[in-house]
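So this one's final_35.cif, mmCIF, C-alpha atoms and all ligand atoms:
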```
data_coords
#
loop_
_atom_site.label_atom_id
_atom_site.label_comp_id
_atom_site.auth_asym_id
_atom_site.auth_seq_id
_atom_site.Cartn_x
_atom_site.Cartn_y
_atom_site.Cartn_z
CA MET A 1 15.16 26.53 9.55
CA LEU A 2 18.56 25.23 8.55
CA VAL A 3 21.80 27.09 9.20
CA VAL A 4 24.25 25.77 6.61
CA MET A 5 27.91 26.05 7.59
CA LYS A 6 30.78 26.71 5.19
CA ARG A 7 32.89 23.72 4.23
CA GLU A 8 35.85 24.95 6.32
CA ALA A 9 33.79 25.65 9.48
CA THR A 10 35.58 24.59 12.68
CA PRO A 11 33.90 22.68 15.53
CA GLU A 12 34.03 25.92 17.58
CA GLU A 13 32.22 27.88 14.85
CA ILE A 14 29.53 25.18 14.67
CA GLU A 15 29.23 25.27 18.46
CA ALA A 16 28.77 29.06 18.31
CA VAL A 17 25.78 28.56 15.99
CA VAL A 18 24.34 25.88 18.31
CA ASP A 19 24.75 28.27 21.28
CA GLY A 20 23.11 31.10 19.34
CA ILE A 21 20.10 28.91 18.54
CA GLU A 22 19.79 27.73 22.15
CA GLN A 23 20.08 31.27 23.50
CA ARG A 24 16.97 32.10 21.51
CA GLY A 25 15.13 29.27 23.30
CA TYR A 26 15.17 26.72 20.47
CA VAL A 27 16.80 23.32 20.12
CA ALA A 28 19.74 22.93 17.71
CA ARG A 29 20.44 19.69 15.89
CA PRO A 30 23.66 19.54 13.82
CA ILE A 31 23.31 17.34 10.72
CA PRO A 32 26.73 16.22 9.48
CA GLY A 33 27.02 16.03 5.71
CA GLY A 34 29.73 14.71 3.42
CA GLU A 35 31.10 18.19 2.76
CA ARG A 36 29.53 20.51 5.29
CA VAL A 37 27.49 20.58 8.47
CA ALA A 38 24.02 22.11 8.68
CA VAL A 39 22.36 22.95 11.98
CA CYS A 40 18.60 22.41 12.08
CA ILE A 41 16.49 24.61 14.37
CA LEU A 42 13.80 22.63 16.20
CA HIS A 43 11.00 23.56 18.61
CA ASN A 44 10.27 26.97 17.09
CA ASP A 45 6.55 27.75 16.98
CA GLY A 46 6.65 30.28 14.19
CA PRO A 47 9.18 31.50 11.63
CA VAL A 48 12.70 32.27 12.88
CA ASP A 49 14.56 35.38 11.77
CA GLY A 50 17.56 33.81 10.09
CA SER A 51 19.39 37.04 9.29
CA SER A 52 21.10 37.19 12.70
CA PHE A 53 22.74 33.80 12.09
CA MET A 54 24.26 35.11 8.86
CA GLN A 55 26.44 37.41 11.00
CA LEU A 56 28.12 34.44 12.72
CA PRO A 57 31.50 33.23 11.39
CA ALA A 58 31.53 30.37 8.84
CA VAL A 59 27.77 30.48 8.17
CA LYS A 60 27.17 29.96 4.43
CA GLU A 61 23.42 30.40 4.21
CA VAL A 62 20.16 30.13 6.09
CA ILE A 63 17.40 28.05 4.49
CA ALA A 64 13.76 27.85 5.51
CA VAL A 65 12.43 24.34 6.22
CA THR A 66 8.83 24.33 5.14
CA ARG A 67 7.86 20.76 6.03
CA PRO A 68 6.51 19.96 9.52
CA TYR A 69 8.64 16.77 9.58
CA LYS A 70 11.89 18.70 9.64
CA LEU A 71 14.57 16.10 10.34
CA VAL A 72 12.84 13.48 8.19
CA SER A 73 12.52 15.87 5.26
CA ARG A 74 14.83 16.15 2.26
CA GLU A 75 14.92 19.86 3.00
CA SER A 76 17.23 19.17 5.92
CA GLN A 77 19.16 16.37 4.16
CA ALA A 78 19.20 16.15 0.39
CA TRP A 79 21.00 12.81 0.10
CA ASP A 80 19.68 9.34 0.96
CA THR A 81 20.29 8.02 4.46
CA THR A 82 21.94 4.61 4.56
CA ILE A 83 21.77 2.51 7.70
CA ASP A 84 24.39 -0.11 8.47
CA VAL A 85 23.07 -3.23 10.15
CA GLY A 86 25.85 -5.76 10.70
CA GLY A 87 27.52 -4.84 7.41
CA ILE A 88 24.26 -4.68 5.43
CA ARG A 89 23.63 -1.17 4.18
CA ILE A 90 19.91 -0.41 4.03
CA GLY A 91 19.08 2.43 1.64
CA ASP A 92 22.27 1.94 -0.33
CA ALA A 93 22.82 0.70 -3.87
CA LYS A 94 21.63 -2.85 -3.09
CA LEU A 95 18.12 -4.04 -2.39
CA THR A 96 17.70 -5.30 1.19
CA LEU A 97 15.67 -8.46 1.69
CA MET A 98 14.20 -9.20 5.10
CA ALA A 99 12.43 -12.54 5.37
CA GLY A 100 11.22 -15.06 7.91
CA PRO A 101 8.10 -16.28 9.64
CA CYS A 102 5.39 -14.09 11.09
CA ALA A 103 6.17 -15.45 14.55
CA ILE A 104 9.02 -17.37 16.13
CA GLU A 105 7.43 -20.68 17.09
CA SER A 106 10.43 -22.82 18.10
CA LYS A 107 14.17 -22.98 17.62
CA VAL A 108 13.82 -25.69 14.97
CA GLN A 109 11.17 -23.69 13.07
CA ALA A 110 13.21 -20.47 13.17
CA LEU A 111 16.50 -22.08 12.15
CA THR A 112 14.89 -24.11 9.38
CA ILE A 113 13.33 -21.00 7.85
CA ALA A 114 16.42 -18.86 8.42
CA ARG A 115 18.61 -21.31 6.50
CA ILE A 116 16.07 -21.45 3.67
CA VAL A 117 15.75 -17.68 3.27
CA LYS A 118 19.48 -17.08 3.60
CA LYS A 119 20.22 -19.59 0.85
CA ALA A 120 17.66 -17.88 -1.39
CA GLY A 121 19.26 -14.45 -0.88
CA ALA A 122 17.75 -12.83 2.24
CA HIS A 123 19.99 -10.50 4.21
CA ILE A 124 18.03 -10.00 7.43
CA PHE A 125 15.88 -12.51 9.35
CA ARG A 126 12.46 -11.39 10.59
CA GLY A 127 10.26 -13.03 13.23
CA GLY A 128 7.93 -11.81 15.95
CA ALA A 129 8.55 -12.77 19.57
CA PHE A 130 5.84 -10.45 20.88
CA LYS A 131 2.85 -10.48 18.55
CA PRO A 132 0.18 -7.76 18.41
CA ARG A 133 -2.89 -9.95 17.76
CA THR A 134 -6.45 -8.86 17.09
CA SER A 135 -7.76 -11.60 19.39
CA PRO A 136 -6.52 -12.05 22.96
CA TYR A 137 -7.02 -15.82 22.44
CA ALA A 138 -4.64 -15.96 19.44
CA PHE A 139 -0.95 -16.96 19.79
CA GLN A 140 0.80 -14.01 21.39
CA GLY A 141 4.37 -15.09 20.62
CA LEU A 142 7.03 -16.82 22.70
CA GLY A 143 8.14 -13.60 24.39
CA GLU A 144 11.71 -13.55 25.69
CA GLU A 145 12.23 -17.17 24.67
CA GLY A 146 11.52 -16.03 21.09
CA LEU A 147 14.11 -13.28 21.42
CA LYS A 148 16.71 -15.81 22.61
CA ILE A 149 15.94 -17.99 19.60
CA LEU A 150 16.45 -14.95 17.34
CA ALA A 151 19.87 -14.40 18.93
CA GLU A 152 20.73 -18.04 18.25
CA VAL A 153 19.61 -17.68 14.63
CA ARG A 154 21.92 -14.68 14.29
CA SER A 155 24.91 -16.51 15.72
CA GLU A 156 24.28 -19.66 13.66
CA THR A 157 23.51 -17.98 10.32
CA GLY A 158 25.26 -14.61 10.60
CA MET A 159 22.04 -12.81 9.64
CA PRO A 160 21.01 -9.71 11.62
CA VAL A 161 17.50 -10.01 13.09
CA ILE A 162 14.47 -7.73 13.18
CA THR A 163 11.63 -8.14 15.67
CA GLU A 164 8.82 -6.02 17.08
CA ALA A 165 8.58 -4.12 20.37
CA ILE A 166 4.85 -3.88 21.07
CA ASP A 167 5.11 -1.38 23.92
CA HIS A 168 7.62 0.89 25.61
CA GLU A 169 7.94 -1.35 28.68
CA LEU A 170 9.25 -4.20 26.53
CA PHE A 171 11.56 -1.96 24.53
CA ASP A 172 14.67 -2.53 26.68
CA LEU A 173 14.35 -6.28 26.33
CA VAL A 174 13.70 -6.27 22.57
CA GLU A 175 16.47 -3.74 21.95
CA HIS A 176 18.91 -5.97 23.82
CA TYR A 177 18.39 -8.88 21.41
CA ALA A 178 17.37 -7.24 18.11
CA ASP A 179 19.53 -5.64 15.43
CA ILE A 180 16.51 -3.65 14.22
CA VAL A 181 13.51 -2.88 16.41
CA GLN A 182 10.20 -2.92 14.57
CA ILE A 183 7.30 -0.65 15.47
CA GLY A 184 4.10 -2.19 14.12
CA ALA A 185 1.30 -0.62 12.14
CA ARG A 186 -1.00 -0.61 15.18
CA ASN A 187 1.59 1.35 17.11
CA MET A 188 2.57 3.98 14.56
CA GLN A 189 1.14 6.74 16.73
CA ASN A 190 2.01 5.23 20.09
CA PHE A 191 3.93 8.33 21.11
CA THR A 192 5.41 6.83 24.29
CA LEU A 193 6.83 4.00 22.19
CA LEU A 194 8.09 6.42 19.53
CA ARG A 195 9.84 8.53 22.17
CA ARG A 196 11.47 5.44 23.66
CA ALA A 197 12.61 4.40 20.16
CA GLY A 198 14.11 7.87 19.79
CA LYS A 199 16.45 7.11 22.71
CA SER A 200 17.64 3.84 21.20
CA ALA A 201 21.00 3.26 19.57
CA LYS A 202 19.43 0.53 17.41
CA PRO A 203 17.82 1.17 14.01
CA VAL A 204 14.02 1.34 14.09
CA LEU A 205 11.71 0.11 11.34
CA LEU A 206 8.50 2.14 11.50
CA LYS A 207 5.50 0.62 9.79
CA ARG A 208 2.83 2.83 8.33
CA GLY A 209 -0.41 2.70 10.30
CA MET A 210 -3.25 1.10 8.41
CA ALA A 211 -5.25 4.35 8.47
CA ALA A 212 -2.36 6.82 8.40
CA THR A 213 -1.65 9.44 5.79
CA VAL A 214 1.90 9.78 4.49
CA GLU A 215 2.22 13.01 6.45
CA GLU A 216 1.17 11.32 9.72
CA TRP A 217 3.64 8.52 9.04
CA LEU A 218 6.49 10.96 8.44
CA MET A 219 5.52 12.90 11.58
CA ALA A 220 5.72 9.62 13.55
CA ALA A 221 9.24 9.13 12.13
CA GLU A 222 10.01 12.70 13.22
CA TYR A 223 9.26 11.71 16.84
CA VAL A 224 11.97 9.06 16.66
CA MET A 225 14.48 11.39 14.98
CA GLU A 226 13.65 14.27 17.31
CA GLY A 227 14.47 11.96 20.22
CA GLY A 228 17.99 11.55 18.81
CA ASN A 229 17.77 8.34 16.79
CA ASP A 230 18.47 9.06 13.13
CA LYS A 231 18.43 5.39 12.11
CA VAL A 232 14.82 5.18 10.98
CA ILE A 233 13.58 2.85 8.22
CA LEU A 234 10.06 3.40 6.88
CA CYS A 235 7.88 0.43 5.94
CA GLU A 236 4.76 0.57 3.77
CA ARG A 237 2.50 -2.41 4.60
CA GLY A 238 -0.86 -1.53 3.12
CA VAL A 239 -3.78 0.56 4.30
CA ARG A 240 -7.35 -0.41 4.98
CA THR A 241 -9.82 0.19 2.17
CA PHE A 242 -13.17 -1.22 1.03
CA ALA A 243 -11.42 -4.05 -0.83
CA HIS A 244 -11.96 -7.64 0.30
CA HIS A 245 -9.81 -9.39 -2.26
CA SER A 246 -6.77 -8.62 -0.12
CA ARG A 247 -6.19 -8.06 3.62
CA ASN A 248 -5.17 -4.43 3.02
CA THR A 249 -4.45 -2.34 -0.07
CA LEU A 250 -0.74 -1.91 -0.74
CA ASP A 251 -0.27 1.80 -1.32
CA LEU A 252 2.63 1.74 -3.75
CA SER A 253 2.04 5.37 -4.66
CA ALA A 254 3.39 6.21 -1.21
CA VAL A 255 6.86 4.92 -2.15
CA PRO A 256 7.87 7.56 -4.72
CA VAL A 257 6.16 10.25 -2.63
CA VAL A 258 8.09 9.30 0.50
CA ARG A 259 11.34 9.04 -1.44
CA GLN A 260 10.79 12.54 -2.72
CA GLU A 261 9.80 13.92 0.68
CA SER A 262 12.31 12.08 2.84
CA HIS A 263 15.90 10.87 2.82
CA LEU A 264 15.01 7.80 4.95
CA PRO A 265 15.06 4.30 3.44
CA VAL A 266 11.67 2.83 2.49
CA ILE A 267 10.92 -0.88 2.73
CA VAL A 268 7.73 -2.54 1.45
CA ASP A 269 5.98 -5.42 3.24
CA PRO A 270 3.73 -7.05 0.64
CA SER A 271 2.78 -9.93 3.00
CA HIS A 272 0.69 -7.96 5.51
CA ALA A 273 -0.71 -5.89 2.65
CA ALA A 274 -1.87 -8.91 0.67
CA GLY A 275 -2.87 -11.46 3.27
CA PHE A 276 -2.68 -14.18 0.58
CA ARG A 277 0.58 -15.65 -0.66
CA ASP A 278 -0.32 -15.62 -4.34
CA GLN A 279 -0.43 -11.82 -4.32
CA VAL A 280 2.93 -11.45 -2.58
CA VAL A 281 5.26 -12.16 -5.51
CA PRO A 282 3.59 -9.80 -8.03
CA LEU A 283 3.30 -7.08 -5.38
CA SER A 284 6.99 -7.49 -4.56
CA ARG A 285 7.92 -6.98 -8.21
CA ALA A 286 5.78 -3.85 -8.31
CA ALA A 287 7.27 -2.52 -5.07
CA VAL A 288 10.79 -2.85 -6.45
CA ALA A 289 9.73 -1.20 -9.70
CA VAL A 290 8.46 1.90 -7.86
CA GLY A 291 11.74 2.31 -6.00
CA CYS A 292 11.63 0.73 -2.54
CA HIS A 293 15.00 0.08 -0.89
CA GLY A 294 14.00 -3.39 0.19
CA LEU A 295 11.27 -5.87 1.02
CA MET A 296 10.08 -7.59 4.16
CA VAL A 297 8.40 -10.89 3.34
CA GLU A 298 6.88 -13.65 5.46
CA VAL A 299 8.15 -17.14 4.60
CA HIS A 300 7.36 -20.45 6.31
CA HIS A 301 8.60 -23.98 5.56
CA ALA A 302 5.14 -25.36 6.47
CA PRO A 303 2.66 -22.48 6.24
CA GLU A 304 -0.35 -24.74 6.81
CA ASN A 305 0.98 -25.36 10.33
CA ALA A 306 2.04 -21.75 11.03
CA MET A 307 0.79 -20.32 14.31
CA SER A 308 0.05 -16.96 12.65
CA ASP A 309 -0.31 -15.57 9.13
CA GLY A 310 0.07 -18.94 7.38
CA PRO A 311 -2.09 -17.96 4.36
CA GLN A 312 0.21 -15.04 3.47
CA SER A 313 3.49 -16.87 4.12
CA LEU A 314 5.42 -17.87 1.01
CA TYR A 315 6.60 -21.41 0.44
CA PRO A 316 10.41 -21.62 0.28
CA ALA A 317 10.39 -22.16 -3.50
CA GLN A 318 8.19 -19.08 -4.02
CA PHE A 319 10.62 -16.95 -2.01
CA ALA A 320 13.62 -18.26 -3.96
CA ASP A 321 11.79 -17.44 -7.18
CA LEU A 322 10.90 -13.95 -5.91
CA CYS A 323 14.57 -13.23 -5.12
CA LYS A 324 15.51 -14.05 -8.72
CA GLN A 325 12.66 -12.07 -10.26
CA ILE A 326 13.30 -8.78 -8.46
CA GLU A 327 17.02 -8.45 -9.20
CA PRO A 328 16.64 -7.27 -12.85
CA ILE A 329 13.75 -4.97 -11.89
CA PHE A 330 15.92 -3.31 -9.26
CA ASN A 331 18.71 -2.81 -11.78
CA ILE A 332 16.33 -1.07 -14.19
CA TYR A 333 15.10 1.20 -11.38
CA LYS A 334 18.68 2.11 -10.42
CA MET A 335 19.62 2.95 -14.01
CA SER A 336 16.76 5.40 -14.37
CA ASN A 337 16.98 7.06 -10.93
CA LYS A 338 20.11 8.61 -9.56
CA ASN A 339 20.07 10.11 -6.09
CA PRO A 340 22.44 12.82 -4.91
CA GLY A 341 25.29 11.76 -2.64
CA PRO A 342 26.19 13.55 0.61
C1 LIG B 1 4.52 -7.94 11.56
O1 LIG B 1 5.28 -7.54 10.66
O2 LIG B 1 4.80 -8.92 12.25
C2 LIG B 1 3.24 -7.24 11.79
C3 LIG B 1 2.50 -7.52 12.85
O3 LIG B 1 2.92 -6.34 10.84
P1 LIG B 1 1.97 -5.05 10.89
O4 LIG B 1 2.37 -4.26 12.10
O5 LIG B 1 2.27 -4.38 9.60
O6 LIG B 1 0.57 -5.57 10.95
MN MN B 2 2.45 -11.53 10.28
#
```
Using structure tokens, write down the structure that the file contains.
Ligand code: PEP
Ligand code: MN
Amino acid sequence: MLVVMKREATPEEIEAVVDGIEQRGYVARPIPGGERVAVCILHNDGPVDGSSFMQLPAVKEVIAVTRPYKLVSRESQAWDTTIDVGGIRIGDAKLTLMAGPCAIESKVQALTIARIVKKAGAHIFRGGAFKPRTSPYAFQGLGEEGLKILAEVRSETGMPVITEAIDHELFDLVEHYADIVQIGARNMQNFTLLRRAGKSAKPVLLKRGMAATVEEWLMAAEYVMEGGNDKVILCERGVRTFAHHSRNTLDLSAVPVVRQESHLPVIVDPSHAAGFRDQVVPLSRAAVAVGCHGLMVEVHHAPENAMSDGPQSLYPAQFADLCKQIEPIFNIYKMSNKNPGP
């Protein structure tokens, strides 16, 4: 349930609503809007009788929230969330491009790729320092050394960096270095990790699990928001199907559904969906056409020597070409879809 305050409500009147909710044994979460504040009621098992809140001063209306992912839902926030990462506004009127190698392999490798992707138009540099690998014998990432290289890339190029925290014990370390902390597909329902991410002041990019429904994905995002972190970015990266022509099947139908259901920004990762670089550019065009807020793409200057995910990593020229191709598609999408402001 959402208790919507009148535009002129004072902080004391909002506090009185919060107290009233807490006295009934629930948790209150004020959601500031452009014009007015709404207070969301959390942790209620069944329906709440909203009529008593209508008696309180400066309460405009009481609205039922029907979705189980309350804070994530457009029912509690009608307008799009935008997340500022070092001056780059994810979810805003510009497409956000995140690009870089699968894994940080060395300072020279990371800086070489960072300069290439920045020149082509990328805004945020990606690269794994801790890698969740299927095989325990595969390259596991450089660990903290990789995080330090990411920090150097940021200071030398000015690009914010995104990297994955593969468990809650490593979260402190990753959060210290990263501008955005990534939660990988294999960890989408790692609830200890989600709760830790909920306590972070850093934005979190939450990948969809490879066997997760949209509802499960949004519920995972709810864990992070319920913990107090409202800077959540969703990332569609393909789900597992019977197909063998690609690594996963990119579920582009999830993008308009999630945009309708949620106010959170949605990014598409065509690289992990495809598994093969030749599919990445066409899938990127399609992702932009269906309304994603940005892309996360793997790029390597020498993919044949990459320590992980070489076959899906774009050559620099392919990435530069992709950046040019998606711009007009994004403009067409923007012209035909207007979202409400706060
Ligand atoms: C990654 O982006 O580095 C990654 C491991 O992706 P996913 O979790 O989608 O497999
Ligand atoms: Mn990868």
Length of the atom CA of A:Ile88 to atom CA of A:Leu173 vector [Å]: 23.2 Å
Mind running chain A against ligand LIG 1 (chain B) at 8 Å and telling me each contacting residue's nearest atom pair with the distance in Å (one decimal), counting all atoms listed in the file, chain and number ascending, as a tab-separated table?
```
residue	atom	partner	partner_atom	distance
A:Cys102	CA	B:LIG1	O2	5.3
A:Ala103	CA	B:LIG1	O2	7.1
A:Gly127	CA	B:LIG1	O2	6.9
A:Gly128	CA	B:LIG1	O2	5.6
A:Lys131	CA	B:LIG1	C3	6.4
A:Pro132	CA	B:LIG1	C3	6.0
A:Arg133	CA	B:LIG1	C3	7.7
A:Thr163	CA	B:LIG1	O2	7.7
A:Glu164	CA	B:LIG1	O2	6.9
A:Gln182	CA	B:LIG1	O1	7.8
A:Ile183	CA	B:LIG1	O4	7.0
A:Gly184	CA	B:LIG1	O4	3.4
A:Ala185	CA	B:LIG1	O4	3.8
A:Arg186	CA	B:LIG1	O4	5.8
A:Asn187	CA	B:LIG1	O4	7.6
A:Lys207	CA	B:LIG1	O5	6.0
A:Arg208	CA	B:LIG1	O5	7.3
A:Gly209	CA	B:LIG1	O5	7.6
A:Met210	CA	B:LIG1	O5	7.9
A:Arg237	CA	B:LIG1	O5	5.4
A:Gly238	CA	B:LIG1	O5	7.7
A:Asp269	CA	B:LIG1	O5	7.4
A:His272	CA	B:LIG1	O5	5.7
A:Ala273	CA	B:LIG1	O5	7.7
```
Who sits within 12 Å of A:Ala38, all atoms listed in the file, same chain under 3 positions skipped, as JSON, numbers by chain: {"A": [1, 2, 3, 4, 5, 6, 7, 9, 13, 14, 15, 17, 18, 28, 29, 30, 31, 32, 33, 34, 35, 41, 58, 59, 60, 61, 62, 63, 71, 75, 76, 77, 78, 342]}
Selection to disk with C-alpha atoms, as a PDB file, in the coordinates of the input:
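The result, written out as again_2.pdb:
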```pdb
ATOM      1  CA  MET A   1      15.160  26.530   9.550  1.00  0.00           C
ATOM      2  CA  LEU A   2      18.560  25.230   8.550  1.00  0.00           C
ATOM      3  CA  VAL A   3      21.800  27.090   9.200  1.00  0.00           C
ATOM      4  CA  VAL A   4      24.250  25.770   6.610  1.00  0.00           C
ATOM      5  CA  MET A   5      27.910  26.050   7.590  1.00  0.00           C
ATOM      6  CA  LYS A   6      30.780  26.710   5.190  1.00  0.00           C
ATOM      7  CA  ARG A   7      32.890  23.720   4.230  1.00  0.00           C
ATOM      8  CA  ALA A   9      33.790  25.650   9.480  1.00  0.00           C
ATOM      9  CA  GLU A  13      32.220  27.880  14.850  1.00  0.00           C
ATOM     10  CA  ILE A  14      29.530  25.180  14.670  1.00  0.00           C
ATOM     11  CA  GLU A  15      29.230  25.270  18.460  1.00  0.00           C
ATOM     12  CA  VAL A  17      25.780  28.560  15.990  1.00  0.00           C
ATOM     13  CA  VAL A  18      24.340  25.880  18.310  1.00  0.00           C
ATOM     14  CA  ALA A  28      19.740  22.930  17.710  1.00  0.00           C
ATOM     15  CA  ARG A  29      20.440  19.690  15.890  1.00  0.00           C
ATOM     16  CA  PRO A  30      23.660  19.540  13.820  1.00  0.00           C
ATOM     17  CA  ILE A  31      23.310  17.340  10.720  1.00  0.00           C
ATOM     18  CA  PRO A  32      26.730  16.220   9.480  1.00  0.00           C
ATOM     19  CA  GLY A  33      27.020  16.030   5.710  1.00  0.00           C
ATOM     20  CA  GLY A  34      29.730  14.710   3.420  1.00  0.00           C
ATOM     21  CA  GLU A  35      31.100  18.190   2.760  1.00  0.00           C
ATOM     22  CA  ILE A  41      16.490  24.610  14.370  1.00  0.00           C
ATOM     23  CA  ALA A  58      31.530  30.370   8.840  1.00  0.00           C
ATOM     24  CA  VAL A  59      27.770  30.480   8.170  1.00  0.00           C
ATOM     25  CA  LYS A  60      27.170  29.960   4.430  1.00  0.00           C
ATOM     26  CA  GLU A  61      23.420  30.400   4.210  1.00  0.00           C
ATOM     27  CA  VAL A  62      20.160  30.130   6.090  1.00  0.00           C
ATOM     28  CA  ILE A  63      17.400  28.050   4.490  1.00  0.00           C
ATOM     29  CA  LEU A  71      14.570  16.100  10.340  1.00  0.00           C
ATOM     30  CA  GLU A  75      14.920  19.860   3.000  1.00  0.00           C
ATOM     31  CA  SER A  76      17.230  19.170   5.920  1.00  0.00           C
ATOM     32  CA  GLN A  77      19.160  16.370   4.160  1.00  0.00           C
ATOM     33  CA  ALA A  78      19.200  16.150   0.390  1.00  0.00           C
ATOM     34  CA  PRO A 342      26.190  13.550   0.610  1.00  0.00           C
TER      35      PRO A 342
END
```
Nearest candidate to ligand MN 2 (chain B) (options A:Phe191, A:Trp217, A:Trp79, A:Phe276; using all atoms listed in the file): A:Phe276
Point-to-point distance from atom CA of A:Val266 to atom CA of A:Arg67, Å rounded to tenths: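 So the answer is 18.7 Å.
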Using all atoms listed in the file: which of A:Asp309, A:Asp179, A:Glu261, A:Glu145 has the shortest distance to ligand MN 2 (chain B): A:Asp309
Repaired coordinates for stretch 224-239 of chain A (N, CA and C atoms) as a short mmCIF file (atom, residue, chain, number, x, y, z; two decimals), keeping the file's coordinate frame:
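Listing of out-v4.cif after writing:
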```cif
data_model
loop_
_atom_site.label_atom_id
_atom_site.label_comp_id
_atom_site.auth_asym_id
_atom_site.auth_seq_id
_atom_site.Cartn_x
_atom_site.Cartn_y
_atom_site.Cartn_z
N VAL A 224 10.80 9.90 16.38
CA VAL A 224 11.97 9.06 16.66
C VAL A 224 13.25 9.87 16.41
N MET A 225 13.28 10.60 15.30
CA MET A 225 14.48 11.39 14.98
C MET A 225 14.66 12.54 15.97
N GLU A 226 13.57 13.16 16.36
CA GLU A 226 13.65 14.27 17.31
C GLU A 226 14.23 13.80 18.63
N GLY A 227 13.94 12.54 18.98
CA GLY A 227 14.47 11.96 20.22
C GLY A 227 15.96 11.69 20.14
N GLY A 228 16.55 11.73 18.95
CA GLY A 228 17.99 11.55 18.81
C GLY A 228 18.39 10.33 18.01
N ASN A 229 17.43 9.54 17.58
CA ASN A 229 17.77 8.34 16.79
C ASN A 229 17.53 8.64 15.31
N ASP A 230 18.63 8.73 14.56
CA ASP A 230 18.47 9.06 13.13
C ASP A 230 18.45 7.80 12.26
N LYS A 231 18.44 6.63 12.90
CA LYS A 231 18.43 5.39 12.11
C LYS A 231 16.99 4.87 11.98
N VAL A 232 16.23 5.54 11.15
CA VAL A 232 14.82 5.18 10.98
C VAL A 232 14.61 4.63 9.57
N ILE A 233 13.93 3.48 9.50
CA ILE A 233 13.58 2.85 8.22
C ILE A 233 12.05 2.89 8.14
N LEU A 234 11.51 3.35 7.04
CA LEU A 234 10.06 3.40 6.88
C LEU A 234 9.59 2.12 6.20
N CYS A 235 8.40 1.66 6.57
CA CYS A 235 7.88 0.43 5.94
C CYS A 235 6.41 0.58 5.58
N GLU A 236 6.14 0.55 4.28
CA GLU A 236 4.76 0.57 3.77
C GLU A 236 4.22 -0.86 3.82
N ARG A 237 3.04 -1.05 4.43
CA ARG A 237 2.50 -2.41 4.60
C ARG A 237 1.01 -2.48 4.27
N GLY A 238 0.54 -1.49 3.53
CA GLY A 238 -0.86 -1.53 3.12
C GLY A 238 -1.75 -0.77 4.08
N VAL A 239 -2.79 -0.20 3.50
CA VAL A 239 -3.78 0.56 4.30
C VAL A 239 -5.15 -0.08 4.11
#
```
